[in-house]
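Undergrad: File work_37.cif below, mmCIF, C-alpha atoms:
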```
data_upload
#
loop_
_atom_site.label_atom_id
_atom_site.label_comp_id
_atom_site.auth_asym_id
_atom_site.auth_seq_id
_atom_site.Cartn_x
_atom_site.Cartn_y
_atom_site.Cartn_z
CA MET A 1 27.01 -48.87 46.19
CA ASN A 2 24.99 -51.70 47.66
CA LYS A 3 21.61 -50.89 49.08
CA THR A 4 20.06 -53.18 51.64
CA VAL A 5 16.84 -54.66 50.38
CA ASN A 6 14.10 -54.40 52.95
CA GLN A 7 10.67 -55.24 51.64
CA LYS A 8 9.06 -54.47 54.98
CA ALA A 9 9.33 -50.82 54.05
CA TRP A 10 6.34 -51.38 51.76
CA PHE A 11 4.11 -51.56 54.83
CA LEU A 12 4.94 -47.92 55.48
CA VAL A 13 3.24 -47.11 52.17
CA LEU A 14 0.04 -48.77 53.35
CA PRO A 15 -1.57 -45.67 54.92
CA VAL A 16 -1.06 -43.73 51.68
CA PHE A 17 -2.51 -46.63 49.75
CA VAL A 18 -5.62 -46.64 51.94
CA VAL A 19 -6.08 -42.88 51.53
CA VAL A 20 -5.61 -43.07 47.76
CA ALA A 21 -7.99 -46.01 47.61
CA PHE A 22 -10.72 -43.95 49.22
CA SER A 23 -10.00 -40.68 47.45
CA ALA A 24 -9.20 -41.98 43.97
CA ILE A 25 -9.50 -45.70 43.32
CA VAL A 26 -12.99 -46.29 44.70
CA PRO A 27 -14.45 -43.19 42.97
CA LEU A 28 -12.68 -44.13 39.72
CA MET A 29 -14.08 -47.67 39.88
CA THR A 30 -17.52 -46.20 40.47
CA VAL A 31 -17.16 -43.96 37.42
CA VAL A 32 -16.19 -46.99 35.33
CA ASN A 33 -19.24 -48.84 36.68
CA TYR A 34 -21.51 -45.90 35.85
CA SER A 35 -20.10 -45.60 32.35
CA VAL A 36 -21.58 -48.93 31.27
CA GLN A 37 -24.99 -48.37 32.83
CA ASP A 38 -27.90 -45.97 32.90
CA THR A 39 -29.74 -44.78 35.98
CA PHE A 40 -32.77 -42.74 36.88
CA GLY A 41 -31.67 -42.41 40.49
CA ASN A 42 -32.55 -44.49 43.53
CA ASN A 43 -29.49 -46.71 43.02
CA GLN A 44 -31.25 -48.52 40.18
CA PHE A 45 -28.99 -49.22 37.25
CA PHE A 46 -29.58 -50.63 33.80
CA TRP A 47 -26.89 -52.27 31.72
CA ASN A 48 -25.95 -50.31 28.62
CA GLY A 49 -22.66 -51.95 27.66
CA VAL A 50 -20.42 -49.71 25.59
CA GLY A 51 -23.44 -47.73 24.38
CA TRP A 52 -22.43 -44.45 25.99
CA PHE A 53 -18.90 -44.72 24.65
CA GLN A 54 -20.21 -45.44 21.18
CA GLU A 55 -22.47 -42.41 21.34
CA LEU A 56 -19.68 -40.28 22.77
CA LEU A 57 -17.25 -41.19 19.99
CA ASP A 58 -19.76 -40.59 17.20
CA PRO A 59 -19.76 -36.86 16.36
CA SER A 60 -23.15 -37.15 14.62
CA THR A 61 -24.95 -37.82 17.93
CA GLU A 62 -25.87 -35.09 20.38
CA LEU A 63 -23.44 -36.40 23.01
CA GLY A 64 -20.56 -37.01 20.59
CA GLY A 65 -21.10 -33.68 18.90
CA ARG A 66 -20.88 -31.66 22.07
CA PHE A 67 -17.95 -33.73 23.35
CA PHE A 68 -15.83 -33.24 20.24
CA ASP A 69 -16.81 -29.56 20.07
CA ALA A 70 -15.72 -29.06 23.67
CA LEU A 71 -12.55 -31.09 23.08
CA TRP A 72 -11.43 -29.03 20.03
CA ARG A 73 -12.43 -25.84 21.80
CA ASN A 74 -10.36 -26.85 24.80
CA LEU A 75 -7.35 -27.85 22.68
CA ALA A 76 -7.59 -24.54 20.81
CA PHE A 77 -7.68 -22.71 24.13
CA SER A 78 -4.62 -24.59 25.42
CA ALA A 79 -2.74 -23.91 22.17
CA VAL A 80 -3.56 -20.19 22.29
CA ILE A 81 -2.55 -19.68 25.92
CA LEU A 82 0.66 -21.73 25.47
CA ALA A 83 1.56 -19.70 22.37
CA ILE A 84 1.19 -16.52 24.41
CA GLU A 85 2.34 -17.48 27.89
CA ILE A 86 5.54 -19.35 27.05
CA PRO A 87 7.22 -16.66 24.88
CA LEU A 88 5.87 -13.91 27.13
CA GLY A 89 7.13 -15.71 30.24
CA ILE A 90 10.60 -16.04 28.68
CA VAL A 91 10.68 -12.34 27.77
CA VAL A 92 9.55 -11.36 31.27
CA ALA A 93 12.15 -13.63 32.88
CA LEU A 94 14.90 -12.19 30.66
CA SER A 95 13.97 -8.65 31.63
CA MET A 96 13.76 -9.33 35.36
CA PRO A 97 16.60 -7.87 37.46
CA ARG A 98 19.43 -10.21 38.55
CA HIS A 99 20.85 -8.26 41.50
CA GLY A 100 19.77 -5.90 44.26
CA TRP A 101 16.53 -5.29 46.12
CA THR A 102 14.51 -5.16 42.90
CA VAL A 103 14.88 -8.95 42.63
CA ALA A 104 12.80 -9.61 45.75
CA PHE A 105 10.34 -6.90 44.74
CA SER A 106 9.75 -8.25 41.25
CA LEU A 107 9.51 -11.82 42.55
CA VAL A 108 6.76 -10.83 44.98
CA VAL A 109 4.89 -8.83 42.34
CA MET A 110 5.15 -11.73 39.90
CA ALA A 111 3.92 -14.21 42.48
CA LEU A 112 0.81 -12.19 43.38
CA PRO A 113 -1.53 -13.47 40.64
CA LEU A 114 -0.52 -17.04 41.47
CA LEU A 115 -1.73 -16.65 45.04
CA ILE A 116 -5.27 -15.62 44.13
CA PRO A 117 -7.85 -18.42 44.23
CA TRP A 118 -9.27 -19.40 40.84
CA ASN A 119 -12.84 -18.37 41.61
CA VAL A 120 -11.64 -14.97 42.83
CA VAL A 121 -9.68 -14.51 39.60
CA GLY A 122 -12.89 -15.27 37.70
CA THR A 123 -14.84 -12.78 39.78
CA ILE A 124 -12.18 -10.09 39.44
CA TRP A 125 -12.27 -10.37 35.67
CA GLN A 126 -16.03 -10.66 35.55
CA VAL A 127 -16.29 -7.24 37.18
CA PHE A 128 -13.20 -5.79 35.50
CA ALA A 129 -14.48 -6.63 32.00
CA ARG A 130 -18.07 -5.41 32.48
CA GLY A 131 -19.11 -2.65 30.11
CA ASP A 132 -21.07 -0.64 32.68
CA ILE A 133 -18.96 -0.67 35.84
CA GLY A 134 -15.77 -2.55 34.89
CA LEU A 135 -12.67 -0.51 34.16
CA LEU A 136 -11.52 -2.64 31.23
CA GLY A 137 -14.94 -3.08 29.62
CA TRP A 138 -15.88 0.57 30.06
CA VAL A 139 -12.60 1.88 28.62
CA VAL A 140 -12.63 -0.50 25.65
CA ASN A 141 -16.25 0.37 24.86
CA HIS A 142 -15.51 4.08 25.09
CA LEU A 143 -12.60 3.66 22.71
CA GLY A 144 -15.24 2.67 20.18
CA VAL A 145 -14.63 -1.10 20.23
CA ALA A 146 -17.76 -3.21 20.59
CA TYR A 147 -16.83 -5.47 23.48
CA ASN A 148 -19.26 -7.51 25.53
CA TYR A 149 -18.16 -10.84 26.92
CA VAL A 150 -21.72 -11.82 27.82
CA LEU A 151 -23.10 -11.59 24.30
CA ASP A 152 -20.17 -11.81 21.93
CA PRO A 153 -18.21 -15.12 21.66
CA ALA A 154 -15.04 -13.36 20.44
CA SER A 155 -15.10 -11.01 23.42
CA ALA A 156 -15.67 -13.92 25.79
CA TRP A 157 -12.72 -15.83 24.31
CA ILE A 158 -10.43 -12.82 24.45
CA THR A 159 -11.40 -12.14 28.07
CA ILE A 160 -10.72 -15.73 29.14
CA VAL A 161 -7.41 -15.87 27.29
CA VAL A 162 -6.27 -12.53 28.72
CA MET A 163 -7.40 -13.65 32.18
CA ASP A 164 -5.41 -16.86 31.91
CA VAL A 165 -2.37 -14.99 30.61
CA TRP A 166 -2.66 -12.56 33.52
CA HIS A 167 -3.05 -15.39 36.00
CA TRP A 168 -0.37 -17.79 34.81
CA THR A 169 2.36 -16.04 32.82
CA SER A 170 4.02 -15.38 36.18
CA LEU A 171 4.44 -19.09 36.70
CA VAL A 172 6.24 -19.50 33.37
CA ALA A 173 8.33 -16.39 34.07
CA LEU A 174 9.32 -17.57 37.55
CA LEU A 175 10.28 -21.01 36.27
CA CYS A 176 12.35 -19.47 33.47
CA TYR A 177 13.91 -17.06 35.92
CA ALA A 178 14.99 -20.01 38.10
CA GLY A 179 16.51 -21.60 34.99
CA LEU A 180 18.35 -18.39 34.10
CA LYS A 181 19.66 -18.00 37.65
CA SER A 182 21.35 -21.40 37.42
CA ILE A 183 23.63 -20.25 34.57
CA PRO A 184 27.09 -19.47 35.96
CA ASP A 185 28.51 -16.03 35.15
CA ALA A 186 31.46 -17.70 33.42
CA TYR A 187 29.19 -18.61 30.51
CA TYR A 188 28.31 -14.98 29.92
CA GLN A 189 31.95 -13.91 30.30
CA ALA A 190 33.01 -16.48 27.72
CA ALA A 191 30.28 -15.25 25.38
CA ARG A 192 31.44 -11.67 25.82
CA ILE A 193 35.05 -12.62 25.04
CA ASP A 194 33.87 -14.38 21.89
CA GLY A 195 31.90 -11.27 20.97
CA ALA A 196 28.61 -13.16 20.87
CA SER A 197 25.51 -11.15 20.02
CA ARG A 198 22.54 -10.90 22.38
CA LEU A 199 20.64 -13.31 20.15
CA ALA A 200 23.50 -15.81 20.13
CA VAL A 201 23.68 -15.67 23.94
CA PHE A 202 19.97 -16.38 24.07
CA THR A 203 19.90 -19.26 21.58
CA THR A 204 23.12 -21.00 22.66
CA ILE A 205 23.30 -20.35 26.42
CA GLN A 206 20.02 -19.23 27.91
CA LEU A 207 17.52 -21.26 25.89
CA PRO A 208 19.34 -24.62 26.30
CA LYS A 209 19.71 -23.97 30.02
CA MET A 210 15.99 -23.18 30.27
CA ARG A 211 14.94 -26.28 28.32
CA ARG A 212 14.07 -28.35 31.34
CA VAL A 213 12.11 -25.68 33.19
CA LEU A 214 10.36 -24.79 29.94
CA LEU A 215 9.25 -28.41 29.55
CA ILE A 216 7.86 -28.29 33.07
CA ALA A 217 6.15 -24.99 32.30
CA VAL A 218 4.59 -26.33 29.11
CA LEU A 219 3.43 -29.48 30.91
CA LEU A 220 1.92 -27.57 33.82
CA ARG A 221 0.26 -24.95 31.66
CA PHE A 222 -1.08 -27.51 29.21
CA MET A 223 -2.57 -29.71 31.90
CA ASP A 224 -4.01 -26.79 33.81
CA SER A 225 -5.56 -25.18 30.74
CA PHE A 226 -6.82 -28.50 29.43
CA MET A 227 -8.59 -29.10 32.74
CA ILE A 228 -9.65 -25.48 33.25
CA TYR A 229 -12.98 -25.13 34.98
CA THR A 230 -13.37 -22.50 37.68
CA GLU A 231 -12.34 -19.31 35.90
CA PRO A 232 -14.46 -19.66 32.75
CA PHE A 233 -17.29 -21.07 34.85
CA VAL A 234 -17.33 -17.94 37.00
CA LEU A 235 -16.65 -15.55 34.12
CA THR A 236 -18.92 -16.83 31.34
CA GLY A 237 -20.49 -20.03 32.63
CA GLY A 238 -19.51 -21.60 29.30
CA GLY A 239 -21.36 -19.02 27.22
CA PRO A 240 -22.39 -17.15 25.21
CA GLY A 241 -24.17 -20.25 23.90
CA ASN A 242 -21.47 -22.88 24.13
CA ALA A 243 -18.63 -20.63 22.95
CA THR A 244 -16.48 -21.13 26.03
CA THR A 245 -17.77 -24.51 27.18
CA TYR A 246 -14.54 -26.42 27.72
CA VAL A 247 -14.53 -30.15 28.43
CA SER A 248 -14.71 -29.94 32.22
CA ILE A 249 -17.54 -27.40 32.07
CA ASP A 250 -19.44 -29.61 29.65
CA LEU A 251 -18.80 -32.58 31.91
CA VAL A 252 -20.29 -30.82 34.93
CA LYS A 253 -23.29 -29.69 32.87
CA LEU A 254 -23.82 -33.30 31.81
CA ALA A 255 -23.28 -34.90 35.22
CA LEU A 256 -24.81 -32.39 37.60
CA GLY A 257 -26.99 -30.27 35.32
CA GLN A 258 -28.67 -33.08 33.40
CA PHE A 259 -27.83 -35.86 35.86
CA ASP A 260 -26.83 -38.12 32.97
CA LEU A 261 -24.41 -40.13 35.07
CA GLY A 262 -23.74 -42.81 32.45
CA LYS A 263 -22.90 -40.34 29.68
CA ALA A 264 -20.89 -38.19 32.06
CA ALA A 265 -18.94 -41.21 33.31
CA ALA A 266 -18.09 -42.25 29.76
CA MET A 267 -16.99 -38.71 28.97
CA SER A 268 -14.89 -38.58 32.17
CA ILE A 269 -13.09 -41.76 31.24
CA VAL A 270 -12.22 -40.64 27.73
CA TYR A 271 -11.19 -37.20 29.04
CA ASN A 272 -9.09 -38.89 31.71
CA LEU A 273 -7.40 -41.15 29.15
CA VAL A 274 -6.51 -38.20 26.94
CA ILE A 275 -4.98 -36.40 29.93
CA LEU A 276 -3.16 -39.53 31.05
CA ALA A 277 -1.67 -40.06 27.59
CA VAL A 278 -0.54 -36.44 27.25
CA CYS A 279 0.91 -36.50 30.77
CA TRP A 280 2.81 -39.67 30.03
CA VAL A 281 4.28 -38.25 26.84
CA PHE A 282 5.35 -35.03 28.56
CA TYR A 283 6.74 -36.88 31.55
CA THR A 284 8.70 -39.31 29.40
CA VAL A 285 10.14 -36.49 27.30
CA MET A 286 11.08 -34.62 30.47
CA VAL A 287 12.74 -37.57 32.18
CA ASN A 288 14.63 -38.49 29.03
CA ALA A 289 15.82 -34.96 28.42
CA ASP A 290 17.26 -35.21 31.92
CA ALA A 291 18.85 -38.61 31.29
CA GLU A 292 20.45 -37.36 28.07
CA LYS A 293 21.84 -34.38 29.94
CA LYS A 294 23.38 -36.65 32.55
CA GLU A 295 24.94 -38.81 29.82
CA VAL A 296 26.46 -35.76 28.14
CA GLU A 297 27.86 -34.55 31.44
CA ALA A 298 29.26 -37.94 32.42
CA MET B 1 -21.71 -51.95 54.28
CA ASP B 2 -23.99 -50.90 51.48
CA ILE B 3 -22.15 -50.45 48.22
CA ALA B 4 -25.18 -50.24 45.94
CA TRP B 5 -24.11 -46.72 44.95
CA MET B 6 -20.99 -48.15 43.36
CA ALA B 7 -23.25 -49.95 40.90
CA TRP B 8 -21.02 -52.98 40.37
CA THR B 9 -21.60 -55.23 37.40
CA TRP B 10 -19.83 -58.54 36.88
CA GLN B 11 -18.28 -57.17 33.68
CA THR B 12 -16.57 -54.25 35.39
CA ALA B 13 -15.64 -56.51 38.31
CA VAL B 14 -13.88 -58.87 35.90
CA PHE B 15 -12.13 -55.89 34.32
CA PHE B 16 -10.80 -54.60 37.64
CA ALA B 17 -9.93 -58.09 38.85
CA ALA B 18 -7.86 -58.52 35.68
CA ILE B 19 -6.03 -55.24 36.32
CA ALA B 20 -5.46 -56.14 39.97
CA GLY B 21 -4.26 -59.59 38.89
CA LEU B 22 -1.80 -58.02 36.45
CA LEU B 23 -0.46 -55.73 39.17
CA ALA B 24 -0.10 -58.67 41.57
CA LEU B 25 1.66 -60.65 38.85
CA MET B 26 4.07 -57.77 38.25
CA THR B 27 4.80 -57.60 41.97
CA VAL B 28 5.55 -61.31 42.16
CA LEU B 29 7.69 -61.08 39.02
CA ALA B 30 9.61 -58.16 40.50
CA LEU B 31 10.43 -60.30 43.54
CA VAL B 32 11.16 -63.55 41.74
CA LYS B 33 12.89 -62.12 38.65
CA PRO B 34 14.33 -58.69 39.39
CA GLU B 35 15.01 -56.73 36.22
CA ARG B 36 16.91 -53.78 34.87
CA GLU B 37 15.59 -50.97 32.72
CA ARG B 38 16.20 -51.41 29.03
CA VAL B 39 16.01 -49.14 26.00
CA GLY B 40 13.82 -50.27 23.11
CA VAL B 41 12.39 -48.88 19.88
CA LEU B 42 10.99 -45.79 21.61
CA ARG B 43 14.57 -44.99 22.76
CA ILE B 44 13.38 -44.61 26.34
CA ALA B 45 14.42 -46.70 29.31
CA THR B 46 11.48 -48.84 30.41
CA THR B 47 10.83 -51.41 33.09
CA ARG B 48 8.19 -54.15 32.89
CA GLY B 49 5.84 -51.85 34.81
CA ASP B 50 6.35 -49.06 32.26
CA ARG B 51 5.65 -51.48 29.46
CA LEU B 52 2.48 -52.69 31.18
CA PHE B 53 1.34 -49.08 31.51
CA ILE B 54 2.04 -48.37 27.83
CA ALA B 55 0.25 -51.57 26.85
CA LEU B 56 -2.84 -50.79 28.96
CA LEU B 57 -3.07 -47.16 27.89
CA GLY B 58 -2.60 -48.15 24.27
CA ALA B 59 -5.23 -50.87 24.64
CA ALA B 60 -7.71 -48.28 25.92
CA PHE B 61 -7.14 -46.11 22.84
CA ILE B 62 -7.28 -49.11 20.50
CA ASN B 63 -10.68 -50.04 21.96
CA LEU B 64 -11.94 -46.45 21.77
CA ALA B 65 -10.73 -46.11 18.18
CA TRP B 66 -12.41 -49.40 17.26
CA LEU B 67 -15.62 -48.25 18.89
CA GLY B 68 -15.54 -44.91 17.11
CA LEU B 69 -14.39 -46.08 13.67
CA VAL B 70 -15.57 -49.68 13.29
CA GLY B 71 -18.36 -50.70 15.66
CA PRO B 72 -19.44 -51.96 19.05
CA SER B 73 -18.04 -55.50 18.69
CA LEU B 74 -14.89 -55.14 20.73
CA TRP B 75 -13.52 -58.70 20.58
CA TRP B 76 -11.39 -57.82 17.56
CA ALA B 77 -10.18 -54.72 19.37
CA LEU B 78 -9.29 -56.88 22.36
CA GLY B 79 -7.30 -59.22 20.11
CA LEU B 80 -5.57 -56.24 18.55
CA SER B 81 -4.79 -54.89 22.02
CA LEU B 82 -3.23 -58.21 23.03
CA LEU B 83 -1.08 -58.19 19.89
CA TYR B 84 -0.11 -54.61 20.63
CA ALA B 85 0.70 -55.52 24.26
CA ALA B 86 2.87 -58.41 23.11
CA ALA B 87 4.70 -56.06 20.73
CA VAL B 88 5.17 -53.51 23.52
CA PHE B 89 6.61 -56.10 25.90
CA ARG B 90 8.88 -57.46 23.17
CA PHE B 91 10.17 -54.29 21.50
CA VAL B 92 9.65 -51.22 23.71
#
```
Represent the supplied structure as structure tokens.
TA:
Amino acid sequence: MNKTVNQKAWFLVLPVFVVVAFSAIVPLMTVVNYSVQDTFGNNQFFWNGVGWFQELLDPSTELGGRFFDALWRNLAFSAVILAIEIPLGIVVALSMPRHGWTVAFSLVVMALPLLIPWNVVGTIWQVFARGDIGLLGWVVNHLGVAYNYVLDPASAWITIVVMDVWHWTSLVALLCYAGLKSIPDAYYQAARIDGASRLAVFTTIQLPKMRRVLLIAVLLRFMDSFMIYTEPFVLTGGGPGNATTYVSIDLVKLALGQFDLGKAAAMSIVYNLVILAVCWVFYTVMVNADAEKKEVEA
Amino acid sequence: MDIAWMAWTWQTAVFFAAIAGLLALMTVLALVKPERERVGVLRIATTRGDRLFIALLGAAFINLAWLGLVGPSLWWALGLSLLYAAAVFRFV
């Protein structure tokens, strides 16, 4: 097939370019400019070279210490929620109905948590988990378990993880469900004729067919959890102490709480680069999984 | 228009001009010498643009690693980044 080459079409991209320039490129340039300078306000800046970056990357300094702490904490959080949400989402998708009115019903129920704004989710759980008036907190405390997400880091972590699982497992489940729906019935019939076990059907038919949606789910959930801000900010505000201060919360504390624009800019850039690299890896893996599939089919 | 809030320095201006120059160069190259994707050592299909992205992102991490592990003199890191970029454009 021969496509006509028409370079004039690029001009149609111009409006988008202008919008992106104002919403992303100019702010990003400004952040880069801030990251090599120091300011005390009033648009007065002092050159600091790579000083902030050096401090940021040295764990023995105050800035580096808190950055690496927040980074490991955030990676641990992402690992924990992925380890729970992905298997749980698969199990939920496998147990969802395939036919009848229950399909629509379960889809709507599953979608409900996804429709709630992040800050509302945080507020819901903040009240829900309170020991005095919250149903969850009150019940757990009356079962004899010491649980207080305001004072106890373990409780705070568990609350945030459970909140995230409640909020986002649906997404994984719905994606997996879409993957499962795309498997033709003939596959299952063939498996039945061969006398395949439930486990064999899962590992040889369902899991391979879900691979692509699972990659998307992992990518989405990793990025979202790695950039999580609103829910823990509302629920714990990063506390107790710094126990749930993830990178974005720390960044806001640094930029808006302490008004250390230079340090915050340096931290933003490194944070951004980490996200960019992870995104690129995921994206490349995803696109190539697709290309391989096409090759096999061809 | 007052752009004092953007806090430009000549160093960052040079940096962004270099990036913009690279993008312009890639555009011209795409017009003058159209190319096809190819598969290299990473076993992924890449265009020149992909390789530029990999080179730039890698260069950023090389510089950060140098800054964190060696010291604030980044000229060596820049040299290393250029070597890395050359390798990326040759082999990836």
Undergrad: List the residues selected by the PyMOL selection byres ((chain A) within 8 of (chain B)) in the file shown, writing them as a list of chain:residue names.
TA: A:Met29, A:Thr30, A:Val32, A:Asn33, A:Tyr34, A:Asn43, A:Phe45, A:Val50, A:Gly51, A:Phe53, A:Gln54, A:Leu57, A:Asp58, A:Leu273, A:Ala277, A:Thr284, A:Asn288
Undergrad: Rank A:Met163, A:Leu171, A:Val108, A:Leu75 by their smallest atom-to-atom distance to Leu88 in chain A, using all atoms listed in the file, and report the top residue only.
TA: A:Leu171
Undergrad: What residues come out when you apply the PyMOL selection byres ((chain A and resi 91) around 12) to this file, written as a ChimeraX atom specification?
TA: /A:84-90,92-96,169-170,172-174,176-177,180,202,206-207
Undergrad: Which one is closest to Arg98 in chain A: A:Ala178, A:Ala196, A:Ala289, A:Leu235? Count all atoms listed in the file.
TA: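 Smallest distance to Arg98 in chain A is found for A:Ala178.
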Undergrad: Can you measure CA of Leu151 in chain A to CA of Arg130 in chain A for me? One decimal in Å is fine.
TA: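 Calculated distance between CA of Leu151 in chain A and CA of Arg130 in chain A is 11.4 Å.
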Undergrad: Taking the file as shown, what set of residues would the PyMOL selection byres ((chain A and resi 156) around 9) give back, as a PyMOL selection string?
TA: chain A and resi 147-155+157-161+235-236+239-240+243-244
Undergrad: For Ala79 in chain A, list every protein, DNA or RNA residue within 12 Å, evaluated using all atoms listed in the file, and leave out those in the same chain fewer than 6 positions away; present the list as number ranges by chain.
TA: A: 72-73, 85-86, 161, 218, 221-223, 225-226
Undergrad: If I take CA of Ala83 in chain A and CA of Val165 in chain A, how far is one from the other in Å, to one decimal?
TA: 10.3 Å
Undergrad: So the first atom is CA of Leu63 in chain A and the second is CA of Ile81 in chain A; what is the distance between them in Å, to one decimal place?
TA: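 It comes out at 26.9 Å.
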Undergrad: Calculate, to one decimal in Å, the centre and edge lengths of the box along x, y and z of the file that holds all listed atoms of range 217-224 of chain A with 6 Å of margin on each side, and present them as lines of an AutoDock Vina configuration file.
TA:
```
center_x = 1.1
center_y = -27.3
center_z = 31.5
size_x = 22.2
size_y = 16.8
size_z = 16.7
```
Undergrad: Up to 7 Å from (-22.8, -45.7, 29.3) in the file's coordinates: name the residues, counting all atoms listed in the file, as a ChimeraX atom specification.
TA: /A:34-38,48-53,262-263,266
Undergrad: Could you write out that same residue set with C-alpha atoms as an mmCIF file, keeping the file's coordinate frame?
TA:
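And here is the file that came out, result.cif:
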```
data_model
loop_
_atom_site.group_PDB
_atom_site.id
_atom_site.type_symbol
_atom_site.label_atom_id
_atom_site.label_comp_id
_atom_site.auth_asym_id
_atom_site.auth_seq_id
_atom_site.Cartn_x
_atom_site.Cartn_y
_atom_site.Cartn_z
ATOM 1 C CA TYR A 34 -21.510 -45.900 35.850
ATOM 2 C CA SER A 35 -20.100 -45.600 32.350
ATOM 3 C CA VAL A 36 -21.580 -48.930 31.270
ATOM 4 C CA GLN A 37 -24.990 -48.370 32.830
ATOM 5 C CA ASP A 38 -27.900 -45.970 32.900
ATOM 6 C CA ASN A 48 -25.950 -50.310 28.620
ATOM 7 C CA GLY A 49 -22.660 -51.950 27.660
ATOM 8 C CA VAL A 50 -20.420 -49.710 25.590
ATOM 9 C CA GLY A 51 -23.440 -47.730 24.380
ATOM 10 C CA TRP A 52 -22.430 -44.450 25.990
ATOM 11 C CA PHE A 53 -18.900 -44.720 24.650
ATOM 12 C CA GLY A 262 -23.740 -42.810 32.450
ATOM 13 C CA LYS A 263 -22.900 -40.340 29.680
ATOM 14 C CA ALA A 266 -18.090 -42.250 29.760
#
```
Undergrad: If you count all atoms listed in the file, which residues fall within 9 Å of Leu215 in chain A, apart from same-chain ones fewer than 6 positions away, as a list in words?
TA: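 Result of the neighbour search: Phe282, Val285 and Met286 of chain A.
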Undergrad: Between B:Val70, B:Met1, B:Leu83, B:Thr47, which has the minimum distance to Glu35 in chain B (counting all atoms listed in the file)?
TA: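 Smallest distance to Glu35 in chain B is found for B:Thr47.
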